[in-house]
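What's in protein_30.txt: compact mmCIF, C-alpha atoms
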# COMPACT_ATOMS: atom_id res chain seq x y z
CA MET A 479 -2.38 23.38 -19.64
CA SER A 480 -5.93 22.53 -18.65
CA THR A 481 -7.00 22.44 -15.02
CA ILE A 482 -10.08 20.37 -15.81
CA PRO A 483 -9.87 16.99 -14.09
CA VAL A 484 -9.92 13.97 -16.36
CA THR A 485 -12.77 11.66 -15.39
CA GLU A 486 -12.85 7.86 -15.36
CA GLY A 487 -13.19 6.31 -18.76
CA PRO A 488 -11.57 4.12 -21.36
CA VAL A 489 -7.91 4.80 -22.02
CA ASP A 490 -6.37 4.18 -25.43
CA PRO A 491 -4.94 0.67 -25.11
CA ALA A 492 -3.00 0.93 -28.38
CA ALA A 493 0.02 2.34 -26.58
CA ARG A 494 0.85 -0.98 -24.86
CA PRO A 495 3.35 -2.50 -24.35
CA VAL A 496 5.69 0.43 -23.81
CA GLU A 497 9.40 -0.07 -24.44
CA PRO A 498 11.86 1.45 -21.95
CA PRO A 499 13.50 4.68 -23.14
CA ALA A 500 16.51 4.18 -25.36
CA GLY A 501 19.62 5.63 -23.76
CA ILE A 502 19.31 3.97 -20.34
CA THR A 503 22.73 2.40 -19.99
CA ASP A 504 22.62 1.25 -16.36
CA PRO A 505 21.41 -2.38 -16.54
CA ARG A 506 21.00 -2.63 -12.76
CA LEU A 507 18.65 0.34 -12.55
CA ALA A 508 16.80 -0.86 -15.67
CA ARG A 509 16.12 -4.23 -13.97
CA GLN A 510 14.98 -2.56 -10.77
CA ILE A 511 12.54 -0.31 -12.65
CA ALA A 512 11.22 -3.28 -14.65
CA PHE A 513 10.59 -5.15 -11.38
CA LEU A 514 8.74 -2.16 -9.90
CA LEU A 515 6.54 -2.02 -13.00
CA GLU A 516 5.91 -5.79 -12.88
CA ILE A 517 4.65 -5.69 -9.28
CA ASP A 518 2.18 -2.97 -10.25
CA GLN A 519 -0.06 -5.98 -10.98
CA LEU A 520 -0.50 -6.49 -7.22
CA LYS A 521 -3.04 -3.64 -7.43
CA SER A 522 -5.25 -5.93 -9.51
CA VAL A 523 -5.20 -9.03 -7.28
CA LEU A 524 -8.52 -8.99 -5.44
CA ARG A 525 -8.99 -10.33 -1.93
CA GLN A 526 -12.23 -11.49 -0.30
CA SER A 527 -12.26 -8.61 2.22
CA HIS A 528 -14.34 -5.50 1.57
CA LEU A 529 -13.36 -1.92 2.26
CA ILE A 530 -14.88 -0.49 5.45
CA ASP A 531 -17.31 1.58 3.35
CA LEU A 532 -18.42 -1.66 1.60
CA SER A 533 -17.95 -0.03 -1.82
CA ARG A 534 -15.90 -2.92 -3.22
CA ARG A 535 -13.37 -5.66 -2.45
CA GLU A 536 -9.86 -4.85 -1.30
CA ASN A 537 -6.80 -5.64 -3.42
CA ASP A 538 -3.39 -6.93 -2.37
CA ALA A 539 -1.56 -3.60 -2.75
CA GLU A 540 -4.06 -1.84 -0.48
CA HIS A 541 -3.94 -4.74 1.96
CA SER A 542 -0.12 -4.58 2.05
CA TRP A 543 -0.18 -0.83 2.73
CA HIS A 544 -2.80 -1.26 5.45
CA LEU A 545 -0.76 -4.03 7.10
CA ALA A 546 2.34 -1.83 7.06
CA MET A 547 0.27 0.86 8.83
CA LEU A 548 -0.81 -1.73 11.42
CA ALA A 549 2.89 -2.40 12.02
CA VAL A 550 3.52 1.36 12.43
CA VAL A 551 0.64 1.87 14.89
CA LEU A 552 0.46 -1.46 16.76
CA GLY A 553 4.19 -2.29 17.04
CA GLU A 554 4.09 -2.04 20.83
CA TYR A 555 1.90 -5.17 21.03
CA ALA A 556 4.44 -7.61 19.59
CA ALA A 557 4.94 -10.67 21.83
CA VAL A 558 8.66 -9.91 22.06
CA GLU A 559 10.67 -6.96 20.78
CA VAL A 560 10.77 -6.89 17.00
CA ASN A 561 12.66 -4.90 14.38
CA GLN A 562 9.86 -2.66 13.12
CA GLY A 563 11.65 -1.80 9.88
CA ARG A 564 12.03 -5.50 9.00
CA VAL A 565 8.42 -6.26 9.92
CA ILE A 566 7.24 -3.45 7.64
CA ARG A 567 9.42 -4.59 4.72
CA MET A 568 8.21 -8.16 5.24
CA LEU A 569 4.59 -7.00 5.09
CA LEU A 570 5.20 -4.84 2.02
CA ILE A 571 6.51 -7.85 0.09
CA HIS A 572 4.60 -10.76 1.70
CA ASP A 573 1.94 -10.94 -1.03
CA LEU A 574 4.13 -10.09 -4.06
CA VAL A 575 4.07 -13.71 -5.25
CA GLU A 576 0.31 -13.34 -5.76
CA VAL A 577 0.94 -11.35 -8.97
CA TYR A 578 1.45 -14.85 -10.44
CA ALA A 579 -0.15 -17.18 -7.86
CA GLY A 580 -3.33 -15.18 -7.17
CA ASP A 581 -4.96 -14.71 -3.77
CA THR A 582 -6.08 -17.79 -1.81
CA PHE A 583 -9.02 -17.22 0.55
CA LEU A 584 -8.03 -18.18 4.10
CA TYR A 585 -11.13 -20.34 4.62
CA ASP A 586 -11.03 -22.06 1.23
CA THR A 587 -9.56 -25.41 2.25
CA GLN A 588 -9.74 -26.76 -1.29
CA ALA A 589 -7.67 -23.94 -2.81
CA ALA A 590 -5.26 -24.06 0.15
CA ALA A 591 -4.11 -27.53 -0.96
CA GLY A 592 -1.82 -26.36 -3.76
CA GLN A 593 -1.14 -22.90 -2.34
CA ALA A 594 2.41 -23.42 -1.05
CA GLU A 595 3.55 -24.97 -4.33
CA ARG A 596 1.93 -22.22 -6.42
CA GLU A 597 3.48 -19.50 -4.30
CA HIS A 598 6.96 -21.01 -4.26
CA ALA A 599 6.87 -21.35 -8.04
CA ALA A 600 5.78 -17.70 -8.24
CA ALA A 601 8.64 -16.64 -5.95
CA ASP A 602 11.11 -18.54 -8.15
CA ARG A 603 9.82 -16.56 -11.11
CA LEU A 604 9.41 -13.12 -9.51
CA PHE A 605 12.38 -12.37 -7.27
CA PRO A 606 15.12 -13.24 -9.84
CA GLN A 607 13.83 -10.35 -11.94
CA LEU A 608 15.73 -8.14 -9.47
CA PRO A 609 19.55 -7.82 -9.46
CA GLY A 610 21.05 -10.86 -7.69
CA ASP A 611 21.80 -9.27 -4.31
CA GLN A 612 18.30 -7.83 -4.00
CA ALA A 613 16.65 -10.99 -5.32
CA ASP A 614 18.41 -12.94 -2.56
CA GLU A 615 17.55 -10.37 0.11
CA LEU A 616 13.83 -10.16 -0.68
CA ARG A 617 13.52 -13.91 -1.22
CA ALA A 618 15.11 -14.53 2.20
CA LEU A 619 12.69 -12.06 3.80
CA TRP A 620 9.74 -13.77 2.10
CA ASP A 621 10.99 -17.23 3.13
CA GLU A 622 11.31 -15.98 6.70
CA PHE A 623 7.72 -14.74 6.66
CA GLU A 624 6.53 -18.07 5.28
CA ALA A 625 8.50 -20.11 7.83
CA ARG A 626 6.96 -18.11 10.73
CA ARG A 627 9.76 -18.93 13.16
CA THR A 628 11.47 -15.60 13.95
CA PRO A 629 9.86 -12.94 16.20
CA ASP A 630 9.63 -10.51 13.24
CA ALA A 631 7.83 -13.11 11.09
CA ARG A 632 5.50 -14.15 13.91
CA PHE A 633 4.40 -10.58 14.54
CA ALA A 634 4.02 -9.89 10.81
CA ARG A 635 1.86 -13.01 10.41
CA ALA A 636 -0.28 -12.04 13.39
CA LEU A 637 -1.00 -8.65 11.77
CA ASP A 638 -1.77 -10.39 8.46
CA ARG A 639 -4.48 -12.36 10.31
CA VAL A 640 -5.79 -9.42 12.36
CA GLN A 641 -6.35 -6.99 9.47
CA PRO A 642 -9.01 -9.02 7.59
CA LEU A 643 -10.73 -9.82 10.91
CA LEU A 644 -11.02 -6.08 11.58
CA LEU A 645 -12.37 -5.43 8.07
CA ASN A 646 -14.85 -8.24 8.54
CA PHE A 647 -16.11 -7.27 11.96
CA TYR A 648 -16.39 -3.58 11.13
CA THR A 649 -18.42 -4.35 7.99
CA GLY A 650 -20.86 -6.52 9.90
CA GLY A 651 -19.30 -9.79 8.76
CA SER A 652 -19.46 -8.86 5.07
CA THR A 653 -17.17 -11.73 4.02
CA TRP A 654 -17.95 -14.17 6.84
CA ARG A 655 -21.71 -14.18 6.25
CA PRO A 656 -21.88 -15.04 2.51
CA HIS A 657 -19.19 -17.70 2.98
CA GLY A 658 -20.86 -19.19 6.06
CA VAL A 659 -17.69 -18.86 8.12
CA THR A 660 -17.98 -20.23 11.66
CA ARG A 661 -16.45 -19.29 14.97
CA ALA A 662 -14.39 -22.49 14.79
CA ASP A 663 -13.01 -21.49 11.36
CA VAL A 664 -11.76 -18.24 12.83
CA LEU A 665 -10.48 -19.81 16.06
CA ALA A 666 -8.35 -22.18 13.97
CA HIS A 667 -6.03 -19.19 13.45
CA GLN A 668 -5.83 -18.33 17.14
CA LYS A 669 -2.29 -19.66 17.50
CA THR A 670 -0.91 -17.53 14.67
CA ILE A 671 -2.23 -14.35 16.27
CA GLU A 672 -1.49 -15.32 19.87
CA ASP A 673 2.11 -16.33 19.03
CA GLY A 674 2.82 -12.94 17.50
CA SER A 675 0.80 -10.78 19.84
CA PRO A 676 -1.06 -11.97 22.96
CA ALA A 677 -2.50 -8.45 23.39
CA LEU A 678 -4.01 -8.37 19.91
CA TRP A 679 -5.33 -11.89 20.40
CA GLU A 680 -7.18 -10.65 23.51
CA TYR A 681 -8.84 -7.94 21.36
CA VAL A 682 -9.70 -10.45 18.64
CA ARG A 683 -11.09 -12.99 21.14
CA ILE A 684 -13.55 -10.41 22.47
CA MET A 685 -14.38 -9.32 18.91
CA ILE A 686 -15.14 -12.91 17.83
CA ASP A 687 -17.52 -13.45 20.78
CA GLU A 688 -19.32 -10.25 19.89
CA ALA A 689 -19.42 -11.22 16.19
CA VAL A 690 -21.22 -14.46 17.11
CA ARG A 691 -23.69 -12.55 19.34
CA ARG A 692 -24.40 -10.14 16.47
CA ARG A 693 -24.65 -13.03 13.99
CA TYR A 694 -21.80 -11.76 11.78
CA LEU A 695 -20.25 -15.18 12.35
CA LEU A 696 -21.91 -18.59 12.73
CA ALA A 697 -21.69 -20.13 16.21
CA MET B 968 -18.29 -24.11 4.75
CA SER B 969 -18.49 -23.31 1.06
CA THR B 970 -15.40 -23.12 -1.12
CA ILE B 971 -17.23 -21.19 -3.83
CA PRO B 972 -15.70 -17.75 -4.24
CA VAL B 973 -18.01 -14.83 -3.62
CA THR B 974 -18.11 -12.61 -6.68
CA GLU B 975 -18.29 -8.83 -6.88
CA GLY B 976 -21.69 -7.40 -6.15
CA PRO B 977 -23.70 -5.25 -3.81
CA VAL B 978 -23.13 -5.83 -0.13
CA ASP B 979 -25.89 -5.24 2.39
CA PRO B 980 -25.28 -1.67 3.54
CA ALA B 981 -27.73 -1.98 6.44
CA ALA B 982 -24.97 -3.21 8.73
CA ARG B 983 -23.24 0.20 8.89
CA PRO B 984 -22.01 1.84 11.05
CA VAL B 985 -20.62 -0.95 13.18
CA GLU B 986 -20.02 -0.30 16.87
CA PRO B 987 -16.81 -1.63 18.42
CA PRO B 988 -17.26 -4.83 20.45
CA ALA B 989 -18.41 -4.25 24.01
CA GLY B 990 -15.82 -5.50 26.48
CA ILE B 991 -12.76 -3.75 25.01
CA THR B 992 -11.39 -2.02 28.09
CA ASP B 993 -8.05 -0.75 26.77
CA PRO B 994 -8.76 2.81 25.56
CA ARG B 995 -5.34 3.16 23.92
CA LEU B 996 -5.78 0.10 21.73
CA ALA B 997 -9.39 1.11 20.97
CA ARG B 998 -8.14 4.50 19.67
CA GLN B 999 -5.41 2.89 17.60
CA ILE B 1000 -7.88 0.47 15.98
CA ALA B 1001 -10.34 3.31 15.30
CA PHE B 1002 -7.53 5.25 13.56
CA LEU B 1003 -6.61 2.23 11.43
CA LEU B 1004 -10.25 1.90 10.36
CA GLU B 1005 -10.50 5.64 9.62
CA ILE B 1006 -7.51 5.59 7.26
CA ASP B 1007 -9.12 2.73 5.31
CA GLN B 1008 -10.65 5.62 3.36
CA LEU B 1009 -7.28 6.22 1.69
CA LYS B 1010 -8.17 3.26 -0.57
CA SER B 1011 -10.97 5.38 -2.05
CA VAL B 1012 -8.97 8.55 -2.81
CA LEU B 1013 -8.31 8.43 -6.56
CA ARG B 1014 -5.22 9.86 -8.18
CA GLN B 1015 -4.78 10.91 -11.82
CA SER B 1016 -2.28 8.12 -12.58
CA HIS B 1017 -3.43 4.91 -14.23
CA LEU B 1018 -2.31 1.39 -13.41
CA ILE B 1019 0.28 0.00 -15.83
CA ASP B 1020 -2.41 -2.24 -17.39
CA LEU B 1021 -4.57 0.89 -17.97
CA SER B 1022 -7.56 -0.82 -16.36
CA ARG B 1023 -8.35 2.10 -14.05
CA ARG B 1024 -6.93 4.98 -12.01
CA GLU B 1025 -4.67 4.37 -9.04
CA ASN B 1026 -5.70 5.21 -5.48
CA ASP B 1027 -3.66 6.69 -2.65
CA ALA B 1028 -3.28 3.44 -0.68
CA GLU B 1029 -1.87 1.63 -3.73
CA HIS B 1030 0.36 4.62 -4.50
CA SER B 1031 1.69 4.62 -0.92
CA TRP B 1032 2.47 0.90 -1.09
CA HIS B 1033 4.18 1.30 -4.47
CA LEU B 1034 6.28 4.20 -3.17
CA ALA B 1035 7.35 2.15 -0.15
CA MET B 1036 8.46 -0.56 -2.60
CA LEU B 1037 10.45 2.06 -4.55
CA ALA B 1038 12.18 2.90 -1.27
CA VAL B 1039 12.95 -0.80 -0.70
CA VAL B 1040 14.35 -1.37 -4.20
CA LEU B 1041 15.91 2.02 -5.08
CA GLY B 1042 17.36 3.02 -1.68
CA GLU B 1043 20.91 2.88 -3.01
CA TYR B 1044 20.25 5.90 -5.25
CA ALA B 1045 19.60 8.41 -2.45
CA ALA B 1046 21.75 11.56 -2.81
CA VAL B 1047 23.20 10.98 0.66
CA GLU B 1048 22.79 8.08 3.05
CA VAL B 1049 19.24 7.91 4.39
CA ASN B 1050 17.47 5.93 7.09
CA GLN B 1051 15.48 3.52 4.94
CA GLY B 1052 13.03 2.64 7.71
CA ARG B 1053 12.16 6.31 8.25
CA VAL B 1054 11.83 6.94 4.51
CA ILE B 1055 9.42 4.02 4.23
CA ARG B 1056 7.31 5.16 7.21
CA MET B 1057 7.25 8.68 5.78
CA LEU B 1058 5.99 7.36 2.45
CA LEU B 1059 3.37 5.13 4.10
CA ILE B 1060 1.85 8.14 5.87
CA HIS B 1061 2.62 11.00 3.45
CA ASP B 1062 -0.84 10.97 1.83
CA LEU B 1063 -2.95 10.13 4.91
CA VAL B 1064 -4.26 13.70 5.13
CA GLU B 1065 -5.95 13.15 1.76
CA VAL B 1066 -8.68 11.09 3.47
CA TYR B 1067 -10.07 14.57 4.32
CA ALA B 1068 -8.24 16.89 1.88
CA GLY B 1069 -8.54 14.77 -1.28
CA ASP B 1070 -5.85 14.36 -3.92
CA THR B 1071 -4.50 17.44 -5.73
CA PHE B 1072 -3.19 16.81 -9.25
CA LEU B 1073 0.43 17.92 -9.51
CA TYR B 1074 -0.19 19.95 -12.67
CA ASP B 1075 -3.44 21.57 -11.54
CA THR B 1076 -2.13 25.01 -10.58
CA GLN B 1077 -5.61 26.23 -9.64
CA ALA B 1078 -6.23 23.46 -7.09
CA ALA B 1079 -2.66 23.78 -5.78
CA ALA B 1080 -3.48 27.25 -4.44
CA GLY B 1081 -5.33 26.11 -1.31
CA GLN B 1082 -3.61 22.74 -1.03
CA ALA B 1083 -1.25 23.45 1.88
CA GLU B 1084 -4.06 24.96 3.99
CA ARG B 1085 -6.43 22.07 3.22
CA GLU B 1086 -3.80 19.47 4.07
CA HIS B 1087 -2.69 21.14 7.29
CA ALA B 1088 -6.32 21.36 8.44
CA ALA B 1089 -6.70 17.66 7.60
CA ALA B 1090 -3.55 16.80 9.57
CA ASP B 1091 -4.91 18.74 12.57
CA ARG B 1092 -8.04 16.62 12.37
CA LEU B 1093 -6.51 13.22 11.57
CA PHE B 1094 -3.40 12.67 13.68
CA PRO B 1095 -4.96 13.58 17.07
CA GLN B 1096 -7.24 10.58 16.64
CA LEU B 1097 -4.19 8.52 17.70
CA PRO B 1098 -2.92 8.38 21.30
CA GLY B 1099 -0.90 11.54 22.04
CA ASP B 1100 2.61 10.09 21.71
CA GLN B 1101 1.82 8.51 18.35
CA ALA B 1102 -0.09 11.55 17.12
CA ASP B 1103 3.00 13.66 17.82
CA GLU B 1104 5.35 11.14 16.21
CA LEU B 1105 3.40 10.73 12.97
CA ARG B 1106 2.63 14.45 12.72
CA ALA B 1107 6.34 15.24 13.09
CA LEU B 1108 7.16 12.73 10.37
CA TRP B 1109 4.52 14.26 8.07
CA ASP B 1110 5.76 17.80 8.81
CA GLU B 1111 9.29 16.67 7.99
CA PHE B 1112 8.13 15.27 4.65
CA GLU B 1113 6.29 18.50 3.87
CA ALA B 1114 9.25 20.70 4.83
CA ARG B 1115 11.57 18.73 2.49
CA ARG B 1116 14.74 19.74 4.30
CA THR B 1117 16.20 16.54 5.76
CA PRO B 1118 17.92 13.88 3.61
CA ASP B 1119 15.15 11.35 4.43
CA ALA B 1120 12.43 13.80 3.36
CA ARG B 1121 14.27 14.80 0.20
CA PHE B 1122 14.68 11.23 -0.93
CA ALA B 1123 11.06 10.40 -0.05
CA ARG B 1124 9.85 13.40 -2.05
CA ALA B 1125 12.00 12.43 -5.03
CA LEU B 1126 10.40 8.97 -5.06
CA ASP B 1127 6.95 10.56 -4.77
CA ARG B 1128 7.72 12.45 -8.01
CA VAL B 1129 9.36 9.54 -9.81
CA GLN B 1130 6.55 6.98 -9.31
CA PRO B 1131 3.84 8.84 -11.27
CA LEU B 1132 6.38 9.66 -14.00
CA LEU B 1133 7.07 5.94 -14.38
CA LEU B 1134 3.34 5.12 -14.49
CA ASN B 1135 2.86 7.84 -17.07
CA PHE B 1136 5.73 6.91 -19.35
CA TYR B 1137 5.01 3.19 -19.22
CA THR B 1138 1.35 3.76 -20.13
CA GLY B 1139 2.28 5.89 -23.14
CA GLY B 1140 1.56 9.18 -21.39
CA SER B 1141 -1.95 8.13 -20.31
CA THR B 1142 -2.32 11.07 -17.90
CA TRP B 1143 -0.01 13.57 -19.65
CA ARG B 1144 -1.80 13.38 -23.00
CA PRO B 1145 -5.41 14.11 -21.99
CA HIS B 1146 -4.22 16.90 -19.67
CA GLY B 1147 -1.92 18.43 -22.30
CA VAL B 1148 1.07 18.29 -19.95
CA THR B 1149 4.26 19.75 -21.43
CA ARG B 1150 7.94 18.97 -21.05
CA ALA B 1151 8.29 22.27 -19.14
CA ASP B 1152 5.54 21.23 -16.69
CA VAL B 1153 7.48 18.08 -15.87
CA LEU B 1154 10.87 19.80 -15.77
CA ALA B 1155 9.49 22.20 -13.16
CA HIS B 1156 9.87 19.30 -10.71
CA GLN B 1157 13.46 18.57 -11.69
CA LYS B 1158 14.90 20.08 -8.52
CA THR B 1159 12.76 17.92 -6.21
CA ILE B 1160 13.99 14.74 -7.88
CA GLU B 1161 17.59 15.85 -8.38
CA ASP B 1162 17.91 16.99 -4.75
CA GLY B 1163 16.85 13.60 -3.46
CA SER B 1164 18.51 11.43 -6.08
CA PRO B 1165 20.79 12.62 -8.89
CA ALA B 1166 20.90 9.06 -10.28
CA LEU B 1167 17.11 8.80 -10.56
CA TRP B 1168 17.01 12.28 -12.08
CA GLU B 1169 19.38 11.05 -14.80
CA TYR B 1170 16.95 8.20 -15.59
CA VAL B 1171 13.98 10.58 -15.58
CA ARG B 1172 15.77 13.13 -17.79
CA ILE B 1173 16.34 10.49 -20.47
CA MET B 1174 12.76 9.27 -20.06
CA ILE B 1175 11.33 12.77 -20.54
CA ASP B 1176 13.31 13.30 -23.75
CA GLU B 1177 12.04 9.99 -25.06
CA ALA B 1178 8.47 10.84 -23.98
CA VAL B 1179 8.59 14.01 -26.10
CA ARG B 1180 9.99 12.08 -29.08
CA ARG B 1181 7.16 9.55 -28.75
CA ARG B 1182 4.60 12.34 -28.27
CA TYR B 1183 3.51 11.13 -24.82
CA LEU B 1184 4.39 14.63 -23.65
CA LEU B 1185 4.07 17.99 -25.44
CA ALA B 1186 7.36 19.63 -26.42

Written form, structure tokens:
Amino acid sequence: MSTIPVTEGPVDPAARPVEPPAGITDPRLARQIAFLLEIDQLKSVLRQSHLIDLSRRENDAEHSWHLAMLAVVLGEYAAVEVNQGRVIRMLLIHDLVEVYAGDTFLYDTQAAAGQAEREHAAADRLFPQLPGDQADELRALWDEFEARRTPDARFARALDRVQPLLLNFYTGGSTWRPHGVTRADVLAHQKTIEDGSPALWEYVRIMIDEAVRRRYLLA
Amino acid sequence: MSTIPVTEGPVDPAARPVEPPAGITDPRLARQIAFLLEIDQLKSVLRQSHLIDLSRRENDAEHSWHLAMLAVVLGEYAAVEVNQGRVIRMLLIHDLVEVYAGDTFLYDTQAAAGQAEREHAAADRLFPQLPGDQADELRALWDEFEARRTPDARFARALDRVQPLLLNFYTGGSTWRPHGVTRADVLAHQKTIEDGSPALWEYVRIMIDEAVRRRYLLA
């Protein structure tokens, strides 16, 4: 075979949609694989954050991976002891519903209005594509994240707030500036971060002050 | 503030590089944050696989997230009982070295020659950017994945082989066809999958036969 790398370019779209191979007789595994192919769409849901190198916007799959890495590296800063494995699984799945509901920008108050309804409808459609036991398990984990009451959910939500703040600060306010985001907009999420991790809130508090001084963020 | 979404477009690159906020006095946390910003580059390392919708090639961060989701959904098919949390962490970090070493296409025998050396040099450079205890912990986890001897590593490696096969089959052989990949090329990785998961190998075996019948893959 050739060792010449294939470059970017149009791919023959005629092959879609692709039927599963005949001969797969395990319906459970077939459903699980179909679910894993369905959530591939998360790679195409764009967020408002930019990559650190400013080359483009981040998508939900990348964001979910990055959050899971925050949980791996910053676990020691949770407000109370958490189950790291559960926090990571929660973060891996927390945005899955956006394959149907789309991403809602944190500071877009208008879009936020119908967000909960859209996302619950998406969850009702997505999770039952898994076998029943797994549908229940992942739905319960997602509900727990949404309800933000358990220590695991509170820490996971804090990380979900911290990651875009880091991307924003370390790109010179690349999302804050064009949207005219203010210090007060960001401070409105103080409680979510502080509840899950007082230590990370301390970092963010200093970062926000500096962002205002550098004019990444409106005063 | 505005609720109008900001569209794709050039971002002012003058803001780079961004210095950390003055006033951060915790050197451990500062190192951890710097590491998390450094690995943001994984989002820009392109693989040969295409997304299921064929819109573009997949990157390493998306691949790592997708693999972690395979571990969440397909854990029951491990050859022997594994520690799911460890498997997931292993998969989240398994490609980190590619921020320096780049991605090596599985079927590119020429590039594979220097791959181990390149990746070990990258690991020597990347992991020590973390505080010592975490550098040791993540390096050990990466070494374990590379050595493919423990049950956790074997299952993780099987999933790392299965995911691109799924993307390939369900895009009509979008990477196999232009590279002229043969059935024998794919079967060369049978042992890696079968060792980690006989049940997933059974699925893949049927899928490969069907791929040849449909001419996604050369006989």

_Within 10 Å of B:Ala1083 using all atoms listed in the file, minus same-chain residues under 4 positions, as a VMD selection string_ = chain B and resid 1068 1079 1087 to 1089 1113

*Name the residues in contact with B:Val1171 at a cut-off of 9 Å, using only C-alpha atoms, excluding same-chain residues fewer than 5 positions from it; report them as a PyMOL selection string.*
chain B and resi 1129+1132-1133+1157+1160+1166+1176

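Residue nearest chain A, chosen from B:Ala1120, B:Ala1125, B:Leu1003, B:Val1179 and counting all atoms listed in the file: B:Leu1003.
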
*Mind checking which residues fall within 8 Å of B:Tyr1183, counting only C-alpha atoms, ignoring those fewer than 3 positions away in the same chain, and posting them as a VMD selection string?*
chain B and resid 1136 1139 to 1141 1143 to 1144 1178 to 1180

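What separates atom CA of B:Leu1134 from atom CA of A:Lys521 is a distance of 12.9 Å.
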
_A:Gly501, A:Val496, A:Gln510, A:Val551 ranked by distance to B:Glu1104, top pick (using all atoms listed in the file)_ = A:Val551

*Would you kindly return, as a list in words, each protein, DNA or RNA residue with an atom no farther than 9 Å from any atom of B:Gly1052, considering all atoms listed in the file and excluding same-chain residues fewer than 6 positions away?*
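Near B:Gly1052, the qualifying residues are Gln562, Gly563, Arg564, Ile566 and Arg567 of chain A.
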
*State, in Å with one decimal place, the distance from atom CA of A:Leu515 to atom CA of B:Tyr1067.*
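Spanning atom CA of A:Leu515 to atom CA of B:Tyr1067 is a straight-line distance of 29.2 Å.
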
*Of the candidates B:Glu1025, B:Asp1075, B:Glu1169, B:Asp1152, which one gets nearest to chain A if we count only C-alpha atoms?*
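Of B:Glu1025, B:Asp1075, B:Glu1169, B:Asp1152, the one nearest chain A is B:Asp1075, counting only C-alpha atoms.
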
*When you draw a straight line from atom CA of B:Thr992 to atom CA of A:Met685, how long is it in Å?*
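Computing the Euclidean distance for atom CA of B:Thr992 and atom CA of A:Met685 yields 12.1 Å.
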
*Rank A:Leu524, A:Leu696, A:Val659, A:Ala557 by their smallest atom-to-atom distance to chain B, using all atoms listed in the file, and report the top residue only.*
A:Val659

_Residue among A:Val523, A:Ile530, A:Ala697, A:Leu569 lying closest to chain B, counting only C-alpha atoms_ =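 So, comparing all the options, the nearest one is A:Ile530.
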
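With all atoms listed in the file as the atoms that count, the minimum distance from chain B to the choices A:Leu695, A:His657, A:Arg525, A:Leu637 is reached by A:His657.
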